[in-house]
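K.L.:
This is the structure I have questions about; it appears just below.
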Amino acid sequence: MFAFEVVTLYLKNLDRRLRTNDISQSCAENYRRNLAHFLKQFGQRPIEDLRQHDLTEFLNAHPGWVALDSKRNGINAVLACFRWARDEELIPVCPYAAPKCLRGMIATTRRPATREEFEGLMENAHPALRRILLFLYLTGCRTSEARLLVW
């Protein structure tokens, strides 16, 4: 079995999970995009030839992934795919583990806007943006949570 076959089967499973609302649209798109990058590099290799160092090469091939979260998203998509294949008994063992270069690293903590920053945003924002900023400020809701709300 080749890497592209495993990824293709995983993407079909991802589509099924998307139809049953088991995964969000944005998460599925993120996985598809990152797995497409992985396939360009390693898709034609047999599963037996995949090695842990591939993930380091995968990260190095994407210099645009500067933020730790971007790197983790790319790696997590690959890990999820091959762990799923192992769980489904399509492959005997997952060829990958989280790379050592990402272990124990902490992403920079996002901080809330200061009162002055908030007032500056409210002063210069379009009226529609002011409403959502006020909602976020009053509720403490994160933007990702607000995006998922249904009116």
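Residue numbers start at 1 in each chain; chains themselves are named A, B, ... in the order of the structure tokens; ligands are numbered from 1 in the order shown.
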Write out as a short mmCIF file (atom, residue, chain, number, x, y, z; two decimals) with C-alpha atoms, in the first residue's frame each polymer residue whose atoms come within 12 Å of A:Leu9, counting only C-alpha atoms; drop sequence neighbours fewer than 2 positions from it.
P.N.:
data_model
loop_
_atom_site.label_atom_id
_atom_site.label_comp_id
_atom_site.auth_asym_id
_atom_site.auth_seq_id
_atom_site.Cartn_x
_atom_site.Cartn_y
_atom_site.Cartn_z
CA MET A 1 0.00 0.00 0.00
CA PHE A 2 1.20 3.51 -0.84
CA ALA A 3 0.88 6.71 1.16
CA PHE A 4 -1.53 8.23 -1.36
CA GLU A 5 -3.90 5.28 -0.94
CA VAL A 6 -4.03 5.76 2.83
CA VAL A 7 -4.61 9.50 2.46
CA LEU A 11 -10.23 11.82 3.00
CA LYS A 12 -13.26 9.70 2.10
CA ASN A 13 -13.75 9.03 5.81
CA LEU A 14 -13.36 12.77 6.44
CA ASP A 15 -16.12 13.50 3.91
CA ARG A 16 -18.40 11.00 5.67
CA LEU A 35 -2.59 16.33 3.43
CA CYS A 81 -4.54 10.16 8.90
CA PHE A 82 -2.03 7.43 9.66
CA TRP A 84 -6.82 6.31 11.65
CA ALA A 85 -5.38 3.86 9.09
CA GLU A 88 -8.87 0.65 10.85
CA LEU A 90 -5.29 -0.81 6.95
CA ILE A 91 -1.66 -0.60 8.03
#
K.L.:
If DSSP is run on the backbone, what residues of stretch 58-149 of chain A are helix (DSSP H, G or I)? A reply as a ChimeraX atom specification would be ideal.
P.N.:
/A:58-60,68-87,100-102,115-124,127-139,143-147
K.L.:
Please save N, CA and C atoms of the selected residues as a compact mmCIF listing (two decimals), in the first residue's frame.
P.N.:
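Output contents, as saved in result-v1.txt:
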# COMPACT_ATOMS: atom_id res chain seq x y z
N PHE A 58 8.91 17.45 5.94
CA PHE A 58 7.62 18.06 5.62
C PHE A 58 7.56 19.47 6.20
N LEU A 59 7.98 19.64 7.45
CA LEU A 59 7.99 20.97 8.07
C LEU A 59 8.98 21.90 7.37
N ASN A 60 10.15 21.39 7.05
CA ASN A 60 11.18 22.22 6.42
C ASN A 60 10.80 22.65 5.01
N LEU A 68 4.01 28.26 15.55
CA LEU A 68 3.96 26.92 16.09
C LEU A 68 2.63 26.24 15.77
N ASP A 69 1.54 27.01 15.83
CA ASP A 69 0.22 26.45 15.54
C ASP A 69 0.13 25.94 14.10
N SER A 70 0.73 26.66 13.15
CA SER A 70 0.73 26.23 11.75
C SER A 70 1.47 24.91 11.59
N LYS A 71 2.62 24.82 12.25
CA LYS A 71 3.41 23.59 12.17
C LYS A 71 2.64 22.42 12.78
N ARG A 72 2.02 22.66 13.92
CA ARG A 72 1.26 21.59 14.57
C ARG A 72 0.06 21.17 13.73
N ASN A 73 -0.61 22.12 13.09
CA ASN A 73 -1.75 21.77 12.24
C ASN A 73 -1.33 20.85 11.10
N GLY A 74 -0.20 21.17 10.48
CA GLY A 74 0.28 20.34 9.38
C GLY A 74 0.62 18.93 9.85
N ILE A 75 1.33 18.84 10.96
CA ILE A 75 1.74 17.53 11.49
C ILE A 75 0.53 16.75 12.00
N ASN A 76 -0.39 17.44 12.68
CA ASN A 76 -1.56 16.74 13.23
C ASN A 76 -2.44 16.13 12.15
N ALA A 77 -2.52 16.78 11.00
CA ALA A 77 -3.30 16.22 9.90
C ALA A 77 -2.69 14.89 9.44
N VAL A 78 -1.38 14.86 9.31
CA VAL A 78 -0.69 13.63 8.89
C VAL A 78 -0.82 12.55 9.95
N LEU A 79 -0.60 12.92 11.21
CA LEU A 79 -0.72 11.94 12.29
C LEU A 79 -2.13 11.37 12.38
N ALA A 80 -3.14 12.23 12.26
CA ALA A 80 -4.52 11.76 12.34
C ALA A 80 -4.82 10.76 11.23
N CYS A 81 -4.32 11.04 10.05
CA CYS A 81 -4.54 10.16 8.90
C CYS A 81 -3.95 8.77 9.13
N PHE A 82 -2.69 8.72 9.52
CA PHE A 82 -2.03 7.43 9.66
C PHE A 82 -2.45 6.69 10.93
N ARG A 83 -2.83 7.41 11.96
CA ARG A 83 -3.36 6.73 13.15
C ARG A 83 -4.73 6.14 12.86
N TRP A 84 -5.53 6.84 12.07
CA TRP A 84 -6.82 6.31 11.65
C TRP A 84 -6.61 5.02 10.84
N ALA A 85 -5.66 5.04 9.92
CA ALA A 85 -5.38 3.86 9.09
C ALA A 85 -4.95 2.68 9.96
N ARG A 86 -4.15 2.95 10.99
CA ARG A 86 -3.74 1.89 11.91
C ARG A 86 -4.94 1.36 12.68
N ASP A 87 -5.79 2.26 13.17
CA ASP A 87 -6.98 1.84 13.92
C ASP A 87 -7.95 1.03 13.07
N LYS A 100 10.13 15.51 17.56
CA LYS A 100 10.77 16.01 18.78
C LYS A 100 10.90 17.53 18.74
N CYS A 101 11.05 18.10 17.56
CA CYS A 101 11.23 19.55 17.46
C CYS A 101 9.98 20.32 17.90
N LEU A 102 8.83 19.65 17.95
CA LEU A 102 7.60 20.32 18.37
C LEU A 102 7.17 19.95 19.79
N ARG A 115 -7.91 48.15 27.61
CA ARG A 115 -9.04 49.09 27.53
C ARG A 115 -8.78 50.13 26.43
N GLU A 116 -7.55 50.63 26.36
CA GLU A 116 -7.19 51.64 25.36
C GLU A 116 -7.28 51.07 23.94
N GLU A 117 -6.81 49.83 23.76
CA GLU A 117 -6.89 49.19 22.44
C GLU A 117 -8.34 48.98 22.04
N PHE A 118 -9.15 48.53 22.98
CA PHE A 118 -10.57 48.31 22.70
C PHE A 118 -11.24 49.62 22.30
N GLU A 119 -10.98 50.68 23.05
CA GLU A 119 -11.59 51.97 22.73
C GLU A 119 -11.14 52.47 21.36
N GLY A 120 -9.86 52.27 21.03
CA GLY A 120 -9.36 52.65 19.71
C GLY A 120 -10.03 51.86 18.59
N LEU A 121 -10.21 50.56 18.81
CA LEU A 121 -10.91 49.75 17.82
C LEU A 121 -12.35 50.22 17.63
N MET A 122 -13.03 50.47 18.74
CA MET A 122 -14.43 50.90 18.68
C MET A 122 -14.55 52.26 17.98
N GLU A 123 -13.60 53.12 18.20
CA GLU A 123 -13.64 54.46 17.61
C GLU A 123 -13.45 54.42 16.10
N ASN A 124 -12.58 53.53 15.63
CA ASN A 124 -12.22 53.51 14.21
C ASN A 124 -12.93 52.44 13.39
N PRO A 127 -19.51 50.45 11.81
CA PRO A 127 -20.57 50.16 12.79
C PRO A 127 -20.89 48.67 12.95
N ALA A 128 -20.85 47.91 11.87
CA ALA A 128 -21.13 46.47 11.98
C ALA A 128 -20.05 45.76 12.80
N LEU A 129 -18.80 46.17 12.60
CA LEU A 129 -17.70 45.58 13.37
C LEU A 129 -17.79 45.99 14.83
N ARG A 130 -18.26 47.22 15.08
CA ARG A 130 -18.42 47.66 16.47
C ARG A 130 -19.37 46.74 17.24
N ARG A 131 -20.42 46.28 16.57
CA ARG A 131 -21.39 45.41 17.24
C ARG A 131 -20.74 44.09 17.67
N ILE A 132 -19.98 43.49 16.78
CA ILE A 132 -19.36 42.22 17.13
C ILE A 132 -18.27 42.42 18.17
N LEU A 133 -17.52 43.52 18.08
CA LEU A 133 -16.50 43.80 19.10
C LEU A 133 -17.13 43.99 20.47
N LEU A 134 -18.25 44.70 20.52
CA LEU A 134 -18.94 44.90 21.79
C LEU A 134 -19.47 43.56 22.32
N PHE A 135 -20.01 42.73 21.43
CA PHE A 135 -20.48 41.40 21.83
C PHE A 135 -19.35 40.59 22.44
N LEU A 136 -18.21 40.56 21.75
CA LEU A 136 -17.06 39.81 22.26
C LEU A 136 -16.60 40.35 23.61
N TYR A 137 -16.58 41.66 23.73
CA TYR A 137 -16.12 42.30 24.96
C TYR A 137 -17.06 41.99 26.13
N LEU A 138 -18.35 42.09 25.89
CA LEU A 138 -19.33 41.91 26.97
C LEU A 138 -19.50 40.45 27.39
N THR A 139 -19.34 39.54 26.43
CA THR A 139 -19.56 38.12 26.74
C THR A 139 -18.28 37.37 27.07
N THR A 143 -13.40 34.77 19.20
CA THR A 143 -13.88 34.94 17.83
C THR A 143 -14.26 33.62 17.20
N SER A 144 -13.50 32.56 17.49
CA SER A 144 -13.82 31.25 16.92
C SER A 144 -15.15 30.73 17.46
N GLU A 145 -15.46 31.06 18.71
CA GLU A 145 -16.74 30.64 19.28
C GLU A 145 -17.89 31.47 18.69
N ALA A 146 -17.66 32.76 18.53
CA ALA A 146 -18.69 33.63 17.97
C ALA A 146 -19.02 33.22 16.53
N ARG A 147 -18.03 32.79 15.79
CA ARG A 147 -18.23 32.38 14.39
C ARG A 147 -19.16 31.19 14.28
K.L.:
When distances are computed from only C-alpha atoms, which of A:Leu18, A:Val93, A:Ala61, A:Cys27 shows the smallest separation from A:Ile47?
P.N.:
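Of the candidates, the smallest distance to A:Ile47 is held by A:Val93.
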K.L.:
In Å, rounded to a single decimal, give me how far atom CA of A:Pro92 is from atom CA of A:Arg33.
P.N.:
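It comes out at 25.7 Å.
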K.L.:
I'd like the interatomic distance between atom CA of A:Pro99 and atom CA of A:Glu48, to a tenth of an Å.
P.N.:
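Going from atom CA of A:Pro99 over to atom CA of A:Glu48 covers 18.7 Å.
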K.L.:
Have a look at atom CA of A:Ala36 and atom CA of A:Arg19 and let me know their distance in Å, one decimal.
P.N.:
20.7 Å
K.L.:
Return the single residue from A:Leu149, A:Ala125, A:Cys94, A:Ala113 that is closest to A:Arg51, with distances computed using only C-alpha atoms.
P.N.:
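Checking each candidate against A:Arg51, we get A:Cys94 as the closest.
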K.L.:
Using only C-alpha atoms, which of the listed residues (A:His62, A:Ala97, A:Thr56, A:Val150) sits closest to A:His37?
P.N.:
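When distances to A:His37 are compared using only C-alpha atoms, the smallest one comes from A:His62.
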